[in-house]
Every structure is written in structure tokens, then in C-alpha cells.
file work16.cif (mmCIF, C-alpha atoms)
data_work
loop_
_atom_site.label_atom_id
_atom_site.label_comp_id
_atom_site.auth_asym_id
_atom_site.auth_seq_id
_atom_site.Cartn_x
_atom_site.Cartn_y
_atom_site.Cartn_z
CA MET V 1 -36.68 30.45 -34.87
CA SER V 2 -35.35 28.33 -37.66
CA THR V 3 -33.37 25.26 -36.76
CA VAL V 4 -30.86 26.02 -39.51
CA SER V 5 -30.06 29.40 -38.00
CA SER V 6 -29.77 27.89 -34.51
CA SER V 7 -27.48 25.15 -35.77
CA THR V 8 -25.28 27.69 -37.51
CA GLU V 9 -25.02 29.86 -34.42
CA GLN V 10 -24.14 26.88 -32.24
CA GLN V 11 -21.47 25.82 -34.72
CA THR V 12 -20.02 29.37 -34.69
CA LEU V 13 -19.93 29.34 -30.88
CA TYR V 14 -18.26 25.91 -30.84
CA ASP V 15 -15.69 27.08 -33.38
CA SER V 16 -14.81 30.18 -31.34
CA LEU V 17 -14.38 28.15 -28.15
CA PHE V 18 -12.22 25.43 -29.58
CA GLY V 19 -10.04 27.31 -32.01
CA LYS V 20 -11.75 26.50 -35.29
CA LYS V 21 -12.02 29.75 -37.21
CA ASP V 22 -13.18 30.38 -40.78
CA THR V 23 -12.07 26.98 -41.99
CA PRO V 24 -14.57 25.36 -44.35
CA ARG V 25 -15.34 21.73 -43.72
CA THR V 26 -15.63 19.46 -46.72
CA VAL V 27 -17.17 16.02 -46.80
CA SER V 28 -16.87 13.15 -49.19
CA LEU V 29 -18.40 9.74 -49.75
CA ASN V 30 -16.47 6.70 -48.52
CA SER V 31 -16.62 3.23 -50.04
CA ASN V 32 -19.76 2.44 -48.01
CA GLY V 33 -21.60 5.47 -49.35
CA ASP V 34 -21.42 7.38 -46.05
CA TYR V 35 -20.55 11.06 -45.77
CA VAL V 36 -17.31 11.65 -43.81
CA GLU V 37 -15.10 14.66 -43.08
CA ASN V 38 -11.83 14.84 -44.92
CA ALA V 39 -8.79 13.92 -42.78
CA GLY V 40 -7.29 17.34 -43.33
CA ASP V 41 -10.28 19.04 -41.71
CA THR V 42 -10.05 17.13 -38.41
CA SER V 43 -6.45 18.26 -37.88
CA ILE V 44 -7.61 21.77 -37.05
CA PHE V 45 -8.94 20.53 -33.70
CA ASP V 46 -5.34 19.83 -32.63
CA LYS V 47 -4.80 23.60 -32.58
CA GLY V 48 -7.66 24.13 -30.13
CA ASN V 49 -7.91 23.35 -26.44
CA LYS V 50 -7.54 19.67 -25.65
CA GLU V 51 -9.73 19.84 -22.53
CA MET V 52 -13.01 21.58 -21.81
CA GLY V 53 -12.94 23.76 -18.71
CA LYS V 54 -15.94 24.63 -16.57
CA ASP V 55 -16.28 28.07 -18.22
CA GLN V 56 -16.52 26.56 -21.70
CA PHE V 57 -18.91 23.90 -20.42
CA LEU V 58 -21.22 26.48 -18.85
CA THR V 59 -21.07 28.68 -21.98
CA LEU V 60 -22.09 25.75 -24.19
CA LEU V 61 -24.87 24.79 -21.77
CA VAL V 62 -26.31 28.34 -21.78
CA ALA V 63 -25.99 28.50 -25.57
CA GLN V 64 -27.83 25.21 -25.85
CA LEU V 65 -30.71 26.57 -23.75
CA GLN V 66 -30.82 29.80 -25.76
CA HIS V 67 -30.92 28.06 -29.12
CA GLN V 68 -33.08 25.04 -28.37
CA ASP V 69 -36.17 24.47 -30.49
CA PRO V 70 -39.18 25.85 -28.55
CA MET V 71 -41.32 23.16 -30.13
CA ASN V 72 -38.94 20.44 -28.95
CA PRO V 73 -37.14 21.64 -25.78
CA ALA V 74 -34.50 19.60 -23.95
CA GLU V 75 -35.96 17.04 -21.57
CA ASP V 76 -35.62 17.59 -17.82
CA THR V 77 -33.53 14.47 -17.40
CA ALA V 78 -31.02 15.61 -20.01
CA PHE V 79 -30.80 19.07 -18.45
CA VAL V 80 -30.28 17.64 -14.95
CA ALA V 81 -27.63 15.26 -16.29
CA GLN V 82 -25.77 18.18 -17.88
CA LEU V 83 -25.92 20.17 -14.64
CA ALA V 84 -24.57 17.14 -12.77
CA GLN V 85 -21.71 16.92 -15.27
CA PHE V 86 -20.95 20.59 -14.73
CA SER V 87 -20.97 20.18 -10.93
CA GLN V 88 -18.64 17.19 -11.17
CA LEU V 89 -16.32 19.05 -13.54
CA GLU V 90 -16.18 22.08 -11.23
CA PHE V 91 -15.56 19.88 -8.15
CA THR V 92 -12.77 18.00 -9.92
CA GLN V 93 -11.04 21.18 -11.08
CA ASN V 94 -11.35 22.83 -7.66
CA SER V 95 -10.02 19.70 -5.93
CA THR V 96 -7.08 19.47 -8.32
CA GLN V 97 -6.23 23.13 -7.76
CA ALA V 98 -6.51 22.74 -3.97
CA ILE V 99 -4.26 19.68 -3.95
CA SER V 100 -1.71 21.43 -6.15
CA THR V 101 -1.69 24.47 -3.85
CA LEU V 102 -1.35 22.25 -0.76
CA ALA V 103 1.52 20.28 -2.32
CA LYS V 104 3.34 23.50 -3.19
CA SER V 105 2.85 24.84 0.34
CA MET V 106 4.12 21.59 1.89
CA THR V 107 7.19 21.61 -0.35
CA GLU V 108 8.00 25.20 0.58
CA PHE V 109 7.46 24.40 4.29
CA MET V 110 9.77 21.35 4.15
CA GLU V 111 12.45 23.34 2.34
CA MET V 112 12.22 26.07 4.98
CA GLN V 113 12.45 23.50 7.80
CA THR V 114 15.49 21.90 6.17
CA LEU V 115 17.23 25.25 5.83
CA GLN V 116 16.48 26.15 9.44
CA ALA V 117 17.75 22.79 10.70
CA GLN V 118 20.88 23.11 8.60
CA SER V 119 21.47 26.65 9.93
CA VAL V 120 21.24 25.40 13.52
CA THR V 121 23.63 22.54 12.74
CA ASN V 122 26.10 24.86 11.04
CA ALA V 123 25.97 27.26 13.97
CA SER V 124 26.73 24.44 16.43
CA ALA V 125 29.77 23.31 14.41
CA THR V 126 31.69 26.60 14.39
CA PRO V 127 32.48 26.62 18.17
CA LEU V 128 34.27 23.27 17.72
CA LEU V 129 37.22 24.97 16.01
CA GLY V 130 40.36 24.37 18.07
CA LYS V 131 38.68 21.71 20.22
CA GLU V 132 39.89 18.14 20.58
CA VAL V 133 37.15 15.77 19.47
CA ARG V 134 36.46 12.11 18.87
CA VAL V 135 34.56 11.14 15.72
CA MET V 136 33.39 7.74 14.55
CA GLU V 137 35.22 6.45 11.49
CA ALA V 138 32.71 4.68 9.30
CA SER V 139 34.96 4.81 6.23
CA PHE V 140 38.54 5.69 5.41
CA GLN V 141 40.80 6.38 2.46
CA HIS V 142 43.40 3.61 2.21
CA LYS V 143 46.67 4.76 0.67
CA GLY V 144 47.49 1.28 -0.58
CA LEU V 145 50.31 -1.22 0.03
CA THR V 146 50.66 0.01 3.61
CA GLU V 147 49.54 -0.96 7.09
CA ARG V 148 46.90 0.98 8.98
CA GLU V 149 46.11 1.34 12.66
CA PHE V 150 42.56 1.77 13.95
CA ASN V 151 41.31 3.10 17.25
CA VAL V 152 38.46 0.84 18.40
CA HIS V 153 35.90 1.40 21.13
CA LEU V 154 33.84 -1.53 22.47
CA MET V 155 30.45 -0.42 23.74
CA GLU V 156 29.28 -1.20 27.26
CA GLY V 157 28.26 -4.84 27.63
CA PHE V 158 30.63 -6.13 24.92
CA ASN V 159 33.88 -7.86 25.84
CA SER V 160 34.78 -8.78 22.28
CA GLY V 161 33.94 -8.15 18.67
CA THR V 162 35.28 -8.19 15.12
CA LEU V 163 36.70 -5.29 13.14
CA VAL V 164 35.30 -5.74 9.64
CA ILE V 165 36.77 -3.93 6.63
CA LYS V 166 34.82 -3.84 3.36
CA ASN V 167 35.51 -2.41 -0.08
CA GLU V 168 33.11 0.00 -1.79
CA ALA V 169 31.23 -2.93 -3.35
CA GLY V 170 30.48 -4.24 0.16
CA ASP V 171 32.80 -7.26 -0.06
CA ILE V 172 34.68 -8.15 3.12
CA VAL V 173 38.44 -7.85 2.65
CA ALA V 174 39.55 -8.28 6.29
CA GLU V 175 38.19 -9.43 9.65
CA ILE V 176 40.22 -8.84 12.83
CA ALA V 177 39.16 -10.08 16.26
CA VAL V 178 39.15 -7.50 19.07
CA SER V 179 38.91 -8.19 22.81
CA ALA V 180 38.32 -6.08 25.88
CA GLU V 181 41.25 -7.87 27.54
CA ASP V 182 43.57 -5.88 25.29
CA SER V 183 41.84 -2.58 25.90
CA LYS V 184 42.09 0.25 28.37
CA GLY V 185 38.67 1.47 29.33
CA ASN V 186 37.14 -0.41 26.38
CA ASP V 187 39.42 1.42 23.91
CA LEU V 188 42.15 -0.40 22.00
CA LYS V 189 44.31 -0.14 18.90
CA VAL V 190 44.08 -2.64 16.06
CA LYS V 191 46.51 -2.99 13.15
CA TRP V 192 45.60 -4.06 9.65
CA ASP V 193 48.40 -5.10 7.33
CA GLY V 194 46.59 -3.86 4.23
CA THR V 195 46.09 -7.28 2.64
CA ASN V 196 43.00 -8.99 1.27
CA GLN V 197 42.28 -12.02 3.43
CA ALA V 198 40.89 -13.86 0.40
CA ASP V 199 44.23 -14.08 -1.47
CA GLY V 200 46.79 -12.52 0.89
CA LYS V 201 47.69 -9.78 -1.59
CA LYS V 202 48.22 -6.16 -0.68
CA LEU V 203 45.27 -3.99 -1.57
CA LEU V 204 45.63 -0.90 -3.69
CA GLY V 205 44.45 2.51 -2.55
CA GLY V 206 40.79 3.35 -2.38
CA LYS V 207 37.88 4.02 -0.07
CA TYR V 208 36.95 1.31 2.43
CA LYS V 209 34.26 0.89 5.07
CA VAL V 210 34.93 -0.21 8.65
CA GLU V 211 32.59 -1.66 11.27
CA VAL V 212 32.90 -3.32 14.69
CA LEU V 213 30.38 -6.16 14.92
CA ASP V 214 29.39 -8.91 17.36
CA ILE V 215 28.81 -12.56 16.45
CA THR V 216 25.23 -11.81 15.36
CA GLY V 217 26.27 -9.04 12.98
CA GLY V 218 25.07 -6.25 15.26
CA ASN V 219 27.15 -3.28 16.37
CA ALA V 220 29.57 -4.05 19.19
CA GLY V 221 31.45 -0.78 18.98
CA TYR V 222 33.04 1.56 16.47
CA ALA V 223 36.33 2.70 15.00
CA TYR V 224 37.21 6.32 15.69
CA GLN V 225 39.68 9.13 15.20
CA GLU V 226 40.72 11.81 17.65
CA GLY V 227 42.32 15.17 16.96
CA ILE V 228 42.05 18.94 16.91
CA VAL V 229 39.37 20.48 14.69
CA SER V 230 41.30 22.65 12.26
CA GLY V 231 38.40 23.62 10.03
CA VAL V 232 34.65 23.50 9.51
CA ASN V 233 33.19 23.08 6.04
CA PHE V 234 29.58 23.74 5.04
CA SER V 235 27.78 22.15 2.10
CA SER V 236 24.32 20.97 1.08
CA GLY V 237 25.10 17.71 2.88
CA GLY V 238 25.69 19.52 6.18
CA ALA V 239 28.66 20.62 8.24
CA ALA V 240 31.93 18.65 8.22
CA LEU V 241 34.85 18.84 10.64
CA THR V 242 38.43 18.75 9.40
CA ILE V 243 40.65 16.60 11.63
CA GLY V 244 44.15 15.62 10.59
CA GLY V 245 43.43 16.64 7.02
CA GLU V 246 40.33 14.39 6.78
CA LYS V 247 36.71 15.54 6.82
CA TYR V 248 34.09 13.96 9.10
CA GLY V 249 30.39 14.71 9.17
CA LEU V 250 29.09 16.43 12.28
CA GLY V 251 26.77 13.48 12.85
CA TYR V 252 29.79 11.26 13.61
CA LEU V 253 30.87 13.41 16.56
CA VAL V 254 31.18 11.34 19.78
CA ASN V 255 32.62 13.76 22.34
CA VAL V 256 34.45 17.06 22.66
CA LYS V 257 37.37 18.01 24.90
CA ASP V 258 38.29 21.64 25.53
CA VAL V 259 42.08 21.79 25.09
CA LYS V 260 42.35 25.35 26.45
CA SER V 261 40.61 24.54 29.72
CA GLU V 262 43.00 21.64 30.35
CA ALA V 263 46.02 23.85 29.75
#
call {"tool": "encode", "arguments": {"input": "work16.cif", "output": "C-alpha cells"}}
result
Amino acid sequence: MSTVSSSTEQQTLYDSLFGKKDTPRTVSLNSNGDYVENAGDTSIFDKGNKEMGKDQFLTLLVAQLQHQDPMNPAEDTAFVAQLAQFSQLEFTQNSTQAISTLAKSMTEFMEMQTLQAQSVTNASATPLLGKEVRVMEASFQHKGLTEREFNVHLMEGFNSGTLVIKNEAGDIVAEIAVSAEDSKGNDLKVKWDGTNQADGKKLLGGKYKVEVLDITGGNAGYAYQEGIVSGVNFSSGGAALTIGGEKYGLGYLVNVKDVKSEA
């Protein structure tokens, strides 16, 4: 078998695998007197596959064995090294595919679990229609230039605390002391005049946060609203109860009172 014929056949096989078809390669001499391929010829490889898969690798390996020079066969060490490369390539591709499949399955499972949990939550919210409930008020919409009254509950073990009002940036605009001495069953009402304690000016409308904290900055209680649930809204964020025209997440529900049973 002539080496020229074998070389030509191997080149044809390589061209068919990597997208190089019937394109003559030309060479030229550079300034050092070396033969190099023209730049235009190398661009054809961009049209072929960028990565060699295990099938192409195995095809080239078999072709190499078929077309090797019988008088100068490949050494055992080189053949073993190529087999090791093939095994590593196959293991890597199989591992990547397995991880991708596992990740997809986990994503689908988590999405299904989320939908199921949301369905259960939504189902538990509907029976609250027409019930009197108490919900924690973590934020509120201030109408501006007006006073506002808060219902405050001090948790068991706390005789005092501070009602803290913050703007959306997290800056404190008001701090009002609360005491169990003024409460009935640890519940009391606190009025805020709507001014910024920093400059004494009335604050404009906007969304504000409210907390009831102890001297260490921990929770001493919470502000709340009570009323009849007039509607239940469902969204990707979960169920929300409509009370007095305002919406409160189901997670802020504290207790429920059946108005009909009391009547």
C-alpha cells in the first residue's frame, strides 16, 4: 500500500468529518522560506464542527489503523494512549449528558412542587371570604399630609417597645414609644402625625415600612389591621386577602374570627 494513497484517503476522511469539501489548499513561502497555508484556506475550518465527538474520534482511530503503513505500524504505547483518550472523551460526554438530564429533572420537580404548594395555599385562602381576620401590617401606603393610627400588639414577655416607621430607602422617619400600660390585652392604638422626626415636616404620600422593636432591635410585637375579607386575589406571588380595600399576603394572617357563628 502506498503511503501517498493512504495519506490521500486519510485527508479525504478528515475533510468529510470536519466540513472541508472539494476546496483546494494552496501554500506559499513566507519570509523565512517556510511553506505555510494561505489565510483564506484556514477559514474553511470555521464552517466545520468546532468539537470532536466520540463518534468522530472512533472513526478517525479506525481509519488510522486501516491505513497505517504495515512496515511501520503504530506503537503499542501510542495506540493505548489513543484508546485512553477515547475512554476519557466518552466518559466526559456521558457525564455531561447525565448532569444535564438530572438538572432538567430537578428543575421540573421543583416547578411541580411550587405549583402544588401554591395550589394548596390558594385553596386555603378561598374559605376566608366573609371572615373577620387579623393580618400583620409590615408596610402601608401613606396618603400624605395626614395623621395615621396603628393597631399594635406587644408579644408575650414584652411590656414596652418602639414603633418604627421607615421610608422605602430604609431611613427611619419616626419612632414612637409604646407601653403595655396603655394596652388592653397587649393590644393598643398608636397615632403618628405624619411628620418626619428629622425636620418636623409633613411627609408626602408613599409606601412606608412599620416595625415594633425592642431596645436591642429585635421584634417586640407587630402592627396589624383587622377587618372582613372582601376578596381573594391569586398571582405568581401567592394568594392575597383584600381587607378594607388593601391587599395583604396570606403569610401575614394572624388569626381568623367567624362572624356568622358569633351572630
call {"tool": "closest_residue", "arguments": {"input": "work16.cif", "among": "V:Gln88, V:Thr96, V:Thr126, V:Thr146", "to": "V:Asp193", "atoms": "all atoms listed in the file"}}
result
V:Thr146
call {"tool": "closest_residue", "arguments": {"input": "work16.cif", "among": "V:Gly170, V:Gln141, V:Thr162, V:Asn122", "to": "V:Gly245", "atoms": "all atoms listed in the file"}}
result
V:Gln141
call {"tool": "residues_around", "arguments": {"input": "work16.cif", "residues": "V:Phe140", "least_positions_apart": "6", "cutoff": "8 Å", "atoms": "all atoms listed in the file", "output": "list in words"}}
result
Lys207, Tyr208, Lys209 and Val210 of chain V
call {"tool": "residues_around", "arguments": {"input": "work16.cif", "residues": "V:Lys202", "least_positions_apart": "5", "cutoff": "10 Å", "atoms": "all atoms listed in the file", "output": "PyMOL selection string"}}
result
chain V and resi 144-147+193-197
call {"tool": "residues_near_point", "arguments": {"input": "work16.cif", "point": "(32.6, -1.3, 20.6)", "cutoff": "6 Å", "atoms": "all atoms listed in the file", "output": "number ranges by chain"}}
result
V: 153-155, 220-222
call {"tool": "closest_residue", "arguments": {"input": "work16.cif", "among": "V:Ala103, V:Ala123, V:Ala138, V:Val178", "to": "V:Lys247", "atoms": "all atoms listed in the file"}}
result
V:Ala138
call {"tool": "atom_distance", "arguments": {"input": "work16.cif", "atom1": "atom CA of V:Lys131", "atom2": "atom CA of V:Lys257"}}
result
6.1 Å
call {"tool": "atom_distance", "arguments": {"input": "work16.cif", "atom1": "atom CA of V:Glu111", "atom2": "atom CA of V:Glu246"}}
result
29.6 Å
call {"tool": "atom_distance", "arguments": {"input": "work16.cif", "atom1": "atom CA of V:Ala63", "atom2": "atom CA of V:Glu90"}}
result
18.5 Å
call {"tool": "closest_residue", "arguments": {"input": "work16.cif", "among": "V:Gly161, V:Met106, V:Lys143, V:Ile228", "to": "V:Thr216", "atoms": "only C-alpha atoms"}}
result
V:Gly161
call {"tool": "resolve_selection", "arguments": {"input": "work16.cif", "expression": "the PyMOL selection byres ((chain V and resi 149) around 10)", "output": "number ranges by chain"}}
result
V: 147-148, 150-152, 189-194
call {"tool": "resolve_selection", "arguments": {"input": "work16.cif", "expression": "the PyMOL selection byres ((chain V and resi 129) around 7)", "output": "list in words"}}
result
Thr126, Pro127, Leu128, Gly130, Lys131, Val229, Ser230 and Gly231 of chain V
call {"tool": "closest_residue", "arguments": {"input": "work16.cif", "among": "V:Ser139, V:Gln113, V:Asn186, V:Ser100", "to": "V:Gln225", "atoms": "all atoms listed in the file"}}
result
V:Ser139
call {"tool": "closest_residue", "arguments": {"input": "work16.cif", "among": "V:Leu188, V:Ala125, V:Val62, V:Leu203", "to": "V:Tyr248", "atoms": "all atoms listed in the file"}}
result
V:Ala125
call {"tool": "residues_near_point", "arguments": {"input": "work16.cif", "point": "(28.3, 12.9, 8.4)", "cutoff": "12 Å", "atoms": "all atoms listed in the file", "output": "list of chain:residue names"}}
result
V:Thr121, V:Val135, V:Met136, V:Glu137, V:Ala138, V:Ser139, V:Asn233, V:Phe234, V:Ser235, V:Ser236, V:Gly237, V:Gly238, V:Ala239, V:Ala240, V:Leu241, V:Thr242, V:Lys247, V:Tyr248, V:Gly249, V:Leu250, V:Gly251, V:Tyr252, V:Leu253, V:Val254
call {"tool": "residues_around", "arguments": {"input": "work16.cif", "residues": "V:Val164", "least_positions_apart": "3", "cutoff": "6 Å", "atoms": "all atoms listed in the file", "output": "list in words"}}
result
Ala174, Glu175, Val210 and Glu211 of chain V
call {"tool": "write_last_selection", "arguments": {"input": "work16.cif", "atoms": "C-alpha atoms", "output": "PDB file, keeping the file's coordinate frame"}}
result
ATOM      1  CA  ALA V 174      39.550  -8.280   6.290  1.00  0.00           C
ATOM      2  CA  GLU V 175      38.190  -9.430   9.650  1.00  0.00           C
ATOM      3  CA  VAL V 210      34.930  -0.210   8.650  1.00  0.00           C
ATOM      4  CA  GLU V 211      32.590  -1.660  11.270  1.00  0.00           C
TER       5      GLU V 211
END
call {"tool": "axis_aligned_box", "arguments": {"input": "work16.cif", "around": "stretch 86-96 of chain V", "padding_each_side": "8 Å", "output": "JSON"}}
result
{"center_x": -14.0, "center_y": 20.0, "center_z": -10.3, "size_x": 29.9, "size_y": 21.6, "size_z": 24.8}
call {"tool": "resolve_selection", "arguments": {"input": "work16.cif", "expression": "the PyMOL selection byres ((chain V and resi 227) around 6)", "output": "VMD selection string"}}
result
chain V and resid 132 to 133 226 228 243
